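Shown here: work-v6.json, JSON, C-alpha atoms.
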[["chain", "number", "residue", "atom", "x", "y", "z"],
["A", 1, "MET", "CA", -75.58, -29.42, 27.00],
["A", 2, "LYS", "CA", -71.95, -30.49, 26.75],
["A", 3, "GLN", "CA", -70.94, -26.84, 26.30],
["A", 4, "LEU", "CA", -72.95, -25.93, 29.42],
["A", 5, "ALA", "CA", -71.15, -28.58, 31.49],
["A", 6, "LEU", "CA", -67.75, -27.38, 30.28],
["A", 7, "LEU", "CA", -68.55, -23.76, 31.11],
["A", 8, "ILE", "CA", -69.80, -24.64, 34.60],
["A", 9, "SER", "CA", -66.64, -26.67, 35.18],
["A", 10, "PHE", "CA", -64.46, -23.76, 34.09],
["A", 11, "PHE", "CA", -66.40, -21.34, 36.29],
["A", 12, "PHE", "CA", -65.89, -23.69, 39.25],
["A", 13, "TYR", "CA", -62.18, -23.85, 38.40],
["A", 14, "LEU", "CA", -61.99, -20.06, 38.57],
["A", 15, "SER", "CA", -63.60, -20.09, 42.02],
["A", 16, "ILE", "CA", -60.95, -22.44, 43.50],
["A", 17, "LEU", "CA", -57.91, -20.84, 41.90],
["A", 18, "PRO", "CA", -56.87, -19.11, 45.15],
["A", 19, "LEU", "CA", -56.55, -22.54, 46.79],
["A", 20, "MET", "CA", -54.07, -23.67, 44.16],
["A", 21, "ALA", "CA", -50.45, -22.73, 43.44],
["A", 22, "GLN", "CA", -49.66, -21.64, 46.99],
["A", 23, "ASP", "CA", -45.96, -21.05, 46.35],
["A", 24, "GLY", "CA", -44.37, -17.78, 47.37],
["A", 25, "LYS", "CA", -43.92, -15.91, 50.62],
["A", 26, "ASN", "CA", -46.85, -15.19, 52.91],
["A", 27, "GLU", "CA", -47.84, -11.56, 52.33],
["A", 28, "ASP", "CA", -50.90, -9.68, 53.44],
["A", 29, "TRP", "CA", -52.75, -7.57, 50.88],
["A", 30, "SER", "CA", -55.77, -5.45, 51.53],
["A", 31, "ILE", "CA", -59.22, -6.18, 50.14],
["A", 32, "ASN", "CA", -60.46, -3.16, 48.19],
["A", 33, "GLU", "CA", -64.26, -2.98, 48.29],
["A", 34, "GLY", "CA", -66.36, -0.39, 46.52],
["A", 35, "THR", "CA", -70.13, -0.17, 46.98],
["A", 36, "MET", "CA", -71.87, 2.07, 44.47],
["A", 37, "VAL", "CA", -75.31, 3.17, 43.36],
["A", 38, "GLY", "CA", -76.07, 4.66, 39.98],
["A", 39, "ALA", "CA", -78.70, 6.04, 37.67],
["A", 40, "GLY", "CA", -78.84, 6.59, 33.93],
["A", 41, "ARG", "CA", -80.51, 5.64, 30.66],
["A", 42, "MET", "CA", -81.66, 2.25, 29.40],
["A", 43, "HIS", "CA", -82.56, 1.23, 25.84],
["A", 44, "LEU", "CA", -84.40, -2.05, 25.17],
["A", 45, "MET", "CA", -85.40, -3.92, 22.05],
["A", 46, "ASP", "CA", -86.72, -7.49, 22.05],
["A", 47, "THR", "CA", -88.63, -9.02, 19.14],
["A", 48, "TYR", "CA", -89.98, -11.80, 21.39],
["A", 49, "LEU", "CA", -92.11, -9.08, 23.03],
["A", 50, "THR", "CA", -92.48, -6.54, 20.21],
["A", 51, "PRO", "CA", -92.14, -7.43, 16.50],
["A", 52, "GLY", "CA", -89.76, -5.20, 14.57],
["A", 53, "ILE", "CA", -86.16, -4.31, 15.29],
["A", 54, "ASP", "CA", -86.92, -0.59, 14.82],
["A", 55, "ILE", "CA", -89.11, -0.38, 17.95],
["A", 56, "ASN", "CA", -86.80, 0.80, 20.70],
["A", 57, "TYR", "CA", -87.93, 1.33, 24.30],
["A", 58, "SER", "CA", -86.06, 4.04, 26.24],
["A", 59, "GLY", "CA", -86.17, 5.18, 29.84],
["A", 60, "TRP", "CA", -84.32, 5.26, 33.12],
["A", 61, "THR", "CA", -82.25, 2.65, 34.95],
["A", 62, "LEU", "CA", -81.02, 2.21, 38.52],
["A", 63, "ARG", "CA", -78.07, 0.04, 39.55],
["A", 64, "ILE", "CA", -76.50, -1.18, 42.79],
["A", 65, "MET", "CA", -73.04, -2.71, 42.52],
["A", 66, "ASP", "CA", -70.52, -4.16, 44.94],
["A", 67, "GLU", "CA", -66.95, -4.86, 43.80],
["A", 68, "ARG", "CA", -64.09, -6.54, 45.63],
["A", 69, "LEU", "CA", -60.46, -6.70, 44.54],
["A", 70, "LYS", "CA", -57.83, -8.83, 46.31],
["A", 71, "ARG", "CA", -54.30, -9.99, 45.48],
["A", 72, "VAL", "CA", -54.02, -13.76, 45.66],
["A", 73, "LYS", "CA", -51.02, -16.09, 45.96],
["A", 74, "LEU", "CA", -50.96, -17.07, 42.30],
["A", 75, "ALA", "CA", -47.72, -16.23, 40.46],
["A", 76, "ASN", "CA", -46.11, -14.89, 43.64],
["A", 77, "TYR", "CA", -48.90, -12.36, 44.31],
["A", 78, "ASN", "CA", -48.96, -10.97, 40.77],
["A", 79, "VAL", "CA", -52.63, -11.91, 40.27],
["A", 80, "THR", "CA", -55.68, -9.93, 41.43],
["A", 81, "ARG", "CA", -59.09, -11.51, 41.96],
["A", 82, "GLN", "CA", -62.13, -9.39, 41.12],
["A", 83, "GLN", "CA", -65.68, -10.14, 42.24],
["A", 84, "ILE", "CA", -68.66, -8.02, 41.18],
["A", 85, "VAL", "CA", -72.30, -8.38, 42.19],
["A", 86, "SER", "CA", -74.69, -6.06, 40.36],
["A", 87, "ILE", "CA", -78.45, -5.48, 40.45],
["A", 88, "ASP", "CA", -79.93, -3.43, 37.62],
["A", 89, "GLY", "CA", -83.52, -2.40, 36.97],
["A", 90, "GLY", "CA", -85.31, 0.03, 34.71],
["A", 91, "ARG", "CA", -88.51, 1.36, 33.23],
["A", 92, "THR", "CA", -88.75, 2.16, 29.52],
["A", 93, "THR", "CA", -91.49, 3.22, 27.10],
["A", 94, "ASN", "CA", -91.95, 2.89, 23.34],
["A", 95, "PRO", "CA", -91.71, 6.00, 21.11],
["A", 96, "SER", "CA", -95.46, 6.63, 21.21],
["A", 97, "GLY", "CA", -95.67, 6.17, 24.98],
["A", 98, "SER", "CA", -98.40, 3.52, 24.62],
["A", 99, "ALA", "CA", -96.47, 0.59, 26.17],
["A", 100, "ILE", "CA", -94.00, 0.08, 29.01],
["A", 101, "ASP", "CA", -91.14, -2.38, 29.42],
["A", 102, "TYR", "CA", -89.90, -3.11, 32.93],
["A", 103, "ALA", "CA", -86.50, -4.79, 33.22],
["A", 104, "PHE", "CA", -84.63, -6.45, 36.07],
["A", 105, "PHE", "CA", -81.22, -8.16, 35.98],
["A", 106, "LEU", "CA", -78.87, -9.74, 38.49],
["A", 107, "ASP", "CA", -75.34, -10.66, 37.53],
["A", 108, "TYR", "CA", -72.16, -11.97, 39.15],
["A", 109, "THR", "CA", -68.60, -11.82, 37.80],
["A", 110, "LEU", "CA", -65.50, -13.62, 39.07],
["A", 111, "GLY", "CA", -62.21, -12.85, 37.34],
["A", 112, "TYR", "CA", -58.44, -13.19, 37.71],
["A", 113, "TYR", "CA", -56.00, -10.63, 36.29],
["A", 114, "TYR", "CA", -52.23, -10.72, 35.92],
["A", 115, "HIS", "CA", -50.22, -7.57, 36.65],
["A", 116, "PHE", "CA", -47.86, -6.26, 33.98],
["A", 117, "PRO", "CA", -45.24, -3.77, 35.23],
["A", 118, "VAL", "CA", -45.22, -0.60, 33.13],
["A", 119, "MET", "CA", -44.11, 2.46, 35.10],
["A", 120, "PRO", "CA", -44.49, 3.91, 38.61],
["A", 121, "GLY", "CA", -48.10, 4.86, 39.26],
["A", 122, "LEU", "CA", -49.52, 2.86, 36.33],
["A", 123, "LYS", "CA", -50.77, -0.72, 36.56],
["A", 124, "LEU", "CA", -51.92, -2.75, 33.57],
["A", 125, "LEU", "CA", -53.90, -5.93, 34.23],
["A", 126, "ALA", "CA", -55.21, -8.55, 31.82],
["A", 127, "GLY", "CA", -57.08, -11.77, 32.35],
["A", 128, "SER", "CA", -60.38, -13.61, 32.07],
["A", 129, "SER", "CA", -63.56, -13.96, 34.07],
["A", 130, "GLY", "CA", -66.70, -16.03, 34.40],
["A", 131, "HIS", "CA", -70.04, -14.25, 34.31],
["A", 132, "LEU", "CA", -73.56, -15.29, 35.34],
["A", 133, "LEU", "CA", -76.61, -13.26, 34.28],
["A", 134, "GLY", "CA", -80.27, -13.74, 35.07],
["A", 135, "GLY", "CA", -83.27, -11.46, 34.61],
["A", 136, "CYS", "CA", -86.27, -10.58, 32.52],
["A", 137, "ILE", "CA", -88.09, -7.90, 30.55],
["A", 138, "TYR", "CA", -91.83, -7.46, 31.19],
["A", 139, "ASN", "CA", -94.11, -5.77, 28.66],
["A", 140, "THR", "CA", -97.33, -4.30, 30.07],
["A", 141, "ARG", "CA", -99.25, -4.46, 26.78],
["A", 142, "ASN", "CA", -98.71, -8.12, 25.86],
["A", 143, "THR", "CA", -101.20, -10.72, 27.09],
["A", 144, "ASN", "CA", -99.90, -13.91, 25.47],
["A", 145, "ASN", "CA", -96.12, -13.65, 25.98],
["A", 146, "PRO", "CA", -95.57, -10.68, 28.33],
["A", 147, "VAL", "CA", -92.14, -11.74, 29.68],
["A", 148, "SER", "CA", -88.80, -12.30, 27.97],
["A", 149, "ALA", "CA", -86.41, -14.15, 30.31],
["A", 150, "LYS", "CA", -82.62, -13.74, 30.06],
["A", 151, "ALA", "CA", -80.03, -16.19, 31.36],
["A", 152, "ASP", "CA", -76.36, -16.48, 30.40],
["A", 153, "ILE", "CA", -73.15, -18.16, 31.48],
["A", 154, "ASP", "CA", -70.18, -16.49, 29.79],
["A", 155, "LEU", "CA", -66.42, -16.54, 29.67],
["A", 156, "ASN", "CA", -64.93, -13.06, 29.24],
["A", 157, "LEU", "CA", -61.70, -11.46, 28.18],
["A", 158, "SER", "CA", -60.95, -8.38, 30.24],
["A", 159, "GLY", "CA", -58.25, -5.81, 30.89],
["A", 160, "MET", "CA", -57.87, -2.74, 33.05],
["A", 161, "ALA", "CA", -55.50, 0.17, 33.60],
["A", 162, "ILE", "CA", -55.13, 1.78, 37.06],
["A", 163, "TYR", "CA", -53.31, 5.09, 37.32],
["A", 164, "ASN", "CA", -52.37, 6.83, 40.57],
["A", 165, "LEU", "CA", -51.42, 10.49, 40.49],
["A", 166, "ARG", "CA", -51.18, 13.49, 42.78],
["A", 167, "ILE", "CA", -52.32, 17.01, 42.07],
["A", 168, "LYS", "CA", -50.57, 19.25, 44.62],
["A", 169, "ASN", "CA", -50.35, 16.31, 47.05],
["A", 170, "TYR", "CA", -54.02, 15.44, 46.51],
["A", 171, "PRO", "CA", -54.24, 11.74, 45.48],
["A", 172, "ILE", "CA", -56.58, 10.57, 42.71],
["A", 173, "THR", "CA", -56.77, 7.06, 41.26],
["A", 174, "PHE", "CA", -58.26, 6.49, 37.80],
["A", 175, "ARG", "CA", -59.29, 3.13, 36.40],
["A", 176, "TYR", "CA", -60.54, 1.99, 32.99],
["A", 177, "GLN", "CA", -61.77, -1.57, 32.42],
["A", 178, "LEU", "CA", -62.98, -3.27, 29.24],
["A", 179, "THR", "CA", -64.78, -6.63, 29.30],
["A", 180, "VAL", "CA", -65.85, -8.65, 26.24],
["A", 181, "PRO", "CA", -67.54, -12.11, 26.36],
["A", 182, "PHE", "CA", -66.15, -14.58, 23.83],
["A", 183, "ALA", "CA", -68.01, -17.84, 24.57],
["A", 184, "GLY", "CA", -70.96, -19.05, 26.63],
["A", 185, "VAL", "CA", -74.42, -20.54, 26.66],
["A", 186, "SER", "CA", -77.73, -18.65, 26.67],
["A", 187, "PHE", "CA", -81.39, -19.36, 27.28],
["A", 188, "ALA", "CA", -83.01, -18.73, 23.89],
["A", 189, "PRO", "CA", -86.70, -19.51, 23.20],
["A", 190, "HIS", "CA", -87.98, -19.68, 19.65],
["A", 191, "TYR", "CA", -90.03, -16.89, 18.11],
["A", 192, "ASN", "CA", -93.68, -17.05, 19.31],
["A", 193, "GLN", "CA", -92.89, -20.01, 21.58],
["A", 194, "SER", "CA", -94.62, -19.62, 24.94],
["A", 195, "TYR", "CA", -93.14, -20.66, 28.28],
["A", 196, "TYR", "CA", -96.04, -23.07, 28.71],
["A", 197, "GLU", "CA", -94.88, -24.86, 25.56],
["A", 198, "MET", "CA", -91.31, -25.03, 26.84],
["A", 199, "PHE", "CA", -91.87, -26.05, 30.45],
["A", 200, "GLY", "CA", -95.46, -27.33, 30.50],
["A", 201, "LEU", "CA", -95.46, -29.38, 27.30],
["A", 202, "GLY", "CA", -91.73, -30.11, 27.25],
["A", 203, "ASN", "CA", -91.00, -28.50, 23.86],
["A", 204, "HIS", "CA", -87.56, -27.30, 24.91],
["A", 205, "SER", "CA", -85.52, -28.33, 21.89],
["A", 206, "GLY", "CA", -82.91, -25.73, 21.01],
["A", 207, "MET", "CA", -83.72, -23.33, 23.81],
["A", 208, "VAL", "CA", -80.14, -23.53, 25.19],
["A", 209, "GLN", "CA", -77.78, -22.05, 22.61],
["A", 210, "PHE", "CA", -74.00, -21.77, 22.44],
["A", 211, "ASN", "CA", -73.13, -18.09, 22.04],
["A", 212, "SER", "CA", -70.10, -16.36, 20.65],
["A", 213, "PHE", "CA", -69.41, -13.49, 18.28],
["A", 214, "HIS", "CA", -71.60, -15.00, 15.56],
["A", 215, "ASN", "CA", -74.85, -14.55, 17.52],
["A", 216, "LYS", "CA", -73.99, -12.31, 20.46],
["A", 217, "PHE", "CA", -72.15, -9.03, 20.92],
["A", 218, "ALA", "CA", -71.62, -7.70, 24.42],
["A", 219, "MET", "CA", -69.19, -5.20, 25.88],
["A", 220, "LYS", "CA", -68.71, -3.23, 29.11],
["A", 221, "HIS", "CA", -66.72, -0.03, 29.54],
["A", 222, "TYR", "CA", -66.11, 0.93, 33.16],
["A", 223, "ILE", "CA", -64.38, 4.17, 34.19],
["A", 224, "THR", "CA", -63.84, 5.20, 37.83],
["A", 225, "ALA", "CA", -62.05, 7.88, 39.85],
["A", 226, "ASP", "CA", -61.21, 7.48, 43.56],
["A", 227, "PHE", "CA", -60.43, 10.51, 45.72],
["A", 228, "PRO", "CA", -60.46, 11.31, 49.46],
["A", 229, "VAL", "CA", -63.04, 13.59, 51.08],
["A", 230, "GLY", "CA", -62.15, 13.99, 54.74],
["A", 231, "LYS", "CA", -61.85, 10.49, 56.21],
["A", 232, "LEU", "CA", -63.83, 8.92, 53.37],
["A", 233, "THR", "CA", -62.73, 7.61, 49.96],
["A", 234, "ILE", "CA", -65.27, 8.45, 47.25],
["A", 235, "ARG", "CA", -65.56, 6.54, 43.99],
["A", 236, "MET", "CA", -67.26, 8.12, 40.98],
["A", 237, "GLY", "CA", -67.77, 6.15, 37.81],
["A", 238, "TYR", "CA", -69.44, 5.62, 34.47],
["A", 239, "LEU", "CA", -70.57, 2.20, 33.22],
["A", 240, "ASN", "CA", -71.58, 1.58, 29.63],
["A", 241, "SER", "CA", -73.03, -1.89, 29.05],
["A", 242, "ARG", "CA", -74.15, -3.33, 25.72],
["A", 243, "TYR", "CA", -75.79, -6.75, 25.37],
["A", 244, "GLN", "CA", -77.04, -7.77, 21.91],
["A", 245, "THR", "CA", -78.20, -11.23, 20.75],
["A", 246, "ASP", "CA", -79.64, -12.83, 17.60],
["A", 247, "MET", "CA", -80.79, -16.37, 18.44],
["A", 248, "ASN", "CA", -83.68, -18.55, 17.21],
["A", 249, "SER", "CA", -85.07, -15.70, 15.05],
["A", 250, "ILE", "CA", -85.26, -13.33, 18.03],
["A", 251, "ASP", "CA", -83.27, -10.10, 18.10],
["A", 252, "SER", "CA", -82.64, -8.35, 21.38],
["A", 253, "HIS", "CA", -80.49, -5.61, 22.82],
["A", 254, "ILE", "CA", -80.06, -4.07, 26.26],
["A", 255, "ILE", "CA", -77.98, -0.90, 26.40],
["A", 256, "THR", "CA", -77.35, 1.12, 29.56],
["A", 257, "HIS", "CA", -75.44, 4.29, 30.37],
["A", 258, "THR", "CA", -75.08, 4.58, 34.15],
["A", 259, "PHE", "CA", -73.32, 7.17, 36.30],
["A", 260, "MET", "CA", -72.15, 5.67, 39.58],
["A", 261, "LEU", "CA", -71.29, 7.10, 43.01],
["A", 262, "GLY", "CA", -70.22, 5.32, 46.17],
["A", 263, "PHE", "CA", -67.68, 4.65, 48.88],
["A", 264, "VAL", "CA", -64.50, 2.60, 49.03],
["A", 265, "LYS", "CA", -62.93, 0.85, 51.99],
["A", 266, "GLU", "CA", -59.82, -1.26, 52.37],
["A", 267, "PHE", "CA", -59.45, -3.93, 55.01],
["A", 268, "VAL", "CA", -57.41, -7.03, 55.83],
["A", 269, "SER", "CA", -59.05, -10.29, 56.83],
["A", 270, "PHE", "CA", -56.97, -12.16, 59.40],
["A", 271, "GLY", "CA", -57.35, -13.64, 62.86],
["A", 272, "GLY", "CA", -55.72, -15.64, 65.62],
["A", 273, "LYS", "CA", -52.27, -14.56, 66.78],
["A", 274, "ARG", "CA", -51.86, -12.21, 63.83],
["A", 275, "ALA", "CA", -55.03, -10.35, 64.81],
["A", 276, "MET", "CA", -53.55, -9.77, 68.27],
["A", 277, "ASN", "CA", -50.22, -8.53, 66.92],
["A", 278, "ASN", "CA", -50.26, -4.74, 66.64],
["A", 279, "LYS", "CA", -47.20, -4.80, 64.38],
["A", 280, "HIS", "CA", -49.22, -6.28, 61.53],
["A", 281, "THR", "CA", -48.86, -4.39, 58.23],
["A", 282, "TYR", "CA", -50.30, -4.88, 54.75],
["A", 283, "LYS", "CA", -49.99, -3.73, 51.14],
["A", 284, "SER", "CA", -52.75, -2.08, 49.15],
["A", 285, "THR", "CA", -54.27, -4.18, 46.37],
["A", 286, "TYR", "CA", -55.55, -1.19, 44.42],
["A", 287, "TYR", "CA", -53.66, 2.01, 45.21]]
Translate this structure into structure tokens?
Amino acid sequence: MKQLALLISFFFYLSILPLMAQDGKNEDWSINEGTMVGAGRMHLMDTYLTPGIDINYSGWTLRIMDERLKRVKLANYNVTRQQIVSIDGGRTTNPSGSAIDYAFFLDYTLGYYYHFPVMPGLKLLAGSSGHLLGGCIYNTRNTNNPVSAKADIDLNLSGMAIYNLRIKNYPITFRYQLTVPFAGVSFAPHYNQSYYEMFGLGNHSGMVQFNSFHNKFAMKHYITADFPVGKLTIRMGYLNSRYQTDMNSIDSHIITHTFMLGFVKEFVSFGGKRAMNNKHTYKSTYY
């Protein structure tokens, strides 16, 4: 539980970073917001629901994701804050088609990234983020333990590259981002332990586990391309997410390949006298 308290404290620290270190001139940067929907493939394996690591459930997945990027005052506006809210659900079947797994996950990420100057048109960013995940997998065939709940608090290492180019005066912006968790805590029941035992009888010893590379491997690859279509900015992307754990004699993995499509808008949040001043200008956080 001490690890849980430390991680929650660090996550809270990340959330108040913009209120700290207010040195530097007062500049206005846009908020870059992309809202996307996606569809793809999902692969599930969970020995809490189905014995045997060779039984893989495969099917489709749908995702809705909202992402916001904003320069903040840290390090004289050389730090970008990223917030992502994502809802992911899917339906999978076992190889014989005799059982179905339904999955639903909700996650939130808050990260801060420092800009490293490289060359005109190319931005490299590196930093860390806090990540919250909650969800479950439901197996239609099980009667005793039909649900496997998932809950994580993680600290991640992350980096991204953003490249702006023009093809015959047509602007396109590419982005690649890699995120890898390195420490956290997870909800982890024991093999064959029911939720009634944990929460009804109070047998909850060991069900909160510290996770790192020794018992969890997770990684996200995120590739996007922004381009204008008329008065709109379109964002196309591909998200590959892998989440694999081995805790309390239970093996589990959740793998998704999702193709994303959505819209991007940039706006500045300000009010008062500045909102009434038509001479107000701003800089783009992303482009």
query: Can you find the residues with an atom no farther than 10 Å from (-67.0, 1.3, 45.3), counting all atoms listed in the file, and report them as a list of chain:residue names?
result: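 Within 10 Å of (-67.0, 1.3, 45.3), the protein and nucleic acid residues are A:Asn32, A:Glu33, A:Gly34, A:Thr35, A:Met36, A:Val37, A:Met65, A:Asp66, A:Glu67, A:Arg68, A:Thr224, A:Ala225, A:Asp226, A:Thr233, A:Ile234, A:Arg235, A:Met236, A:Gly237, A:Met260, A:Leu261, A:Gly262, A:Phe263, A:Val264, A:Lys265.
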- request: Grab the atom CA of Ile64 of chain A to atom CA of Ile223 of chain A distance for me, in Å with one decimal place.
  value: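 Atom CA of Ile223 of chain A lies 15.8 Å from atom CA of Ile64 of chain A.
Across the structure, atom CA of Gly40 of chain A and atom CA of Leu178 of chain A are spaced 19.3 Å apart.
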task: Please indicate the distance in Å from atom CA of Phe259 of chain A to atom CA of Ala151 of chain A, rounded to one decimal place.
output: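 Distance between the two atoms: 24.8 Å.
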Would you kindly identify which residues have an atom no farther than 12 Å from (-75.7, -8.8, 24.7), using only C-alpha atoms and the file's own coordinates, and write them out as a PDB file with C-alpha atoms, in the coordinates of the input?
ATOM      1  CA  LEU A  44     -84.400  -2.050  25.170  1.00  0.00           C
ATOM      2  CA  MET A  45     -85.400  -3.920  22.050  1.00  0.00           C
ATOM      3  CA  ASP A  46     -86.720  -7.490  22.050  1.00  0.00           C
ATOM      4  CA  LEU A 133     -76.610 -13.260  34.280  1.00  0.00           C
ATOM      5  CA  LYS A 150     -82.620 -13.740  30.060  1.00  0.00           C
ATOM      6  CA  ALA A 151     -80.030 -16.190  31.360  1.00  0.00           C
ATOM      7  CA  ASP A 152     -76.360 -16.480  30.400  1.00  0.00           C
ATOM      8  CA  ILE A 153     -73.150 -18.160  31.480  1.00  0.00           C
ATOM      9  CA  ASP A 154     -70.180 -16.490  29.790  1.00  0.00           C
ATOM     10  CA  VAL A 180     -65.850  -8.650  26.240  1.00  0.00           C
ATOM     11  CA  PRO A 181     -67.540 -12.110  26.360  1.00  0.00           C
ATOM     12  CA  PHE A 182     -66.150 -14.580  23.830  1.00  0.00           C
ATOM     13  CA  ALA A 183     -68.010 -17.840  24.570  1.00  0.00           C
ATOM     14  CA  GLY A 184     -70.960 -19.050  26.630  1.00  0.00           C
ATOM     15  CA  VAL A 185     -74.420 -20.540  26.660  1.00  0.00           C
ATOM     16  CA  SER A 186     -77.730 -18.650  26.670  1.00  0.00           C
ATOM     17  CA  ASN A 211     -73.130 -18.090  22.040  1.00  0.00           C
ATOM     18  CA  SER A 212     -70.100 -16.360  20.650  1.00  0.00           C
ATOM     19  CA  PHE A 213     -69.410 -13.490  18.280  1.00  0.00           C
ATOM     20  CA  HIS A 214     -71.600 -15.000  15.560  1.00  0.00           C
ATOM     21  CA  ASN A 215     -74.850 -14.550  17.520  1.00  0.00           C
ATOM     22  CA  LYS A 216     -73.990 -12.310  20.460  1.00  0.00           C
ATOM     23  CA  PHE A 217     -72.150  -9.030  20.920  1.00  0.00           C
ATOM     24  CA  ALA A 218     -71.620  -7.700  24.420  1.00  0.00           C
ATOM     25  CA  MET A 219     -69.190  -5.200  25.880  1.00  0.00           C
ATOM     26  CA  LYS A 220     -68.710  -3.230  29.110  1.00  0.00           C
ATOM     27  CA  SER A 241     -73.030  -1.890  29.050  1.00  0.00           C
ATOM     28  CA  ARG A 242     -74.150  -3.330  25.720  1.00  0.00           C
ATOM     29  CA  TYR A 243     -75.790  -6.750  25.370  1.00  0.00           C
ATOM     30  CA  GLN A 244     -77.040  -7.770  21.910  1.00  0.00           C
ATOM     31  CA  THR A 245     -78.200 -11.230  20.750  1.00  0.00           C
ATOM     32  CA  ASP A 246     -79.640 -12.830  17.600  1.00  0.00           C
ATOM     33  CA  MET A 247     -80.790 -16.370  18.440  1.00  0.00           C
ATOM     34  CA  ASP A 251     -83.270 -10.100  18.100  1.00  0.00           C
ATOM     35  CA  SER A 252     -82.640  -8.350  21.380  1.00  0.00           C
ATOM     36  CA  HIS A 253     -80.490  -5.610  22.820  1.00  0.00           C
ATOM     37  CA  ILE A 254     -80.060  -4.070  26.260  1.00  0.00           C
ATOM     38  CA  ILE A 255     -77.980  -0.900  26.400  1.00  0.00           C
ATOM     39  CA  THR A 256     -77.350   1.120  29.560  1.00  0.00           C
TER      40      THR A 256
END
- prompt: Taking all atoms listed in the file into account, which of A:Gln83, A:Gln193, A:Asn240, A:Ser30 comes nearest Tyr176 of chain A?
  reply: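 Under the stated criterion, the closest residue is A:Asn240.
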message: Measuring between all atoms listed in the file, which one of A:Ala39, A:Val147, A:Ile167, A:Ala161 shows the shortest distance to Ala126 of chain A?
response: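 Closest residue, counting all atoms listed in the file: A:Ala161.
Nearest-residue note for Gly89 of chain A: choosing from A:Leu239, A:Leu69, A:Met42, A:Leu49, the minimum distance belongs to A:Met42, counting all atoms listed in the file.
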- request: For Gly127 of chain A, list every protein, DNA or RNA residue within 10 Å, evaluated using all atoms listed in the file, and leave out those in the same chain fewer than 2 positions away; present the list as number ranges by chain.
  value: A: 79-81, 111-115, 125, 129, 156-160, 179
message: Please determine, counting all atoms listed in the file, which residue among A:Ser86, A:Thr50, A:Ile162, A:Ser128 has the shortest atom-to-atom distance to Thr140 of chain A.
response: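 Nearest to Thr140 of chain A: A:Thr50.
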message: So that I can check the surroundings of Ser58 of chain A, please list as number ranges by chain every protein, DNA and RNA residue that reaches within 6 Å of it, counting all atoms listed in the file and ignoring chain neighbours fewer than 6 positions away.
response: A: 42-43, 92-93
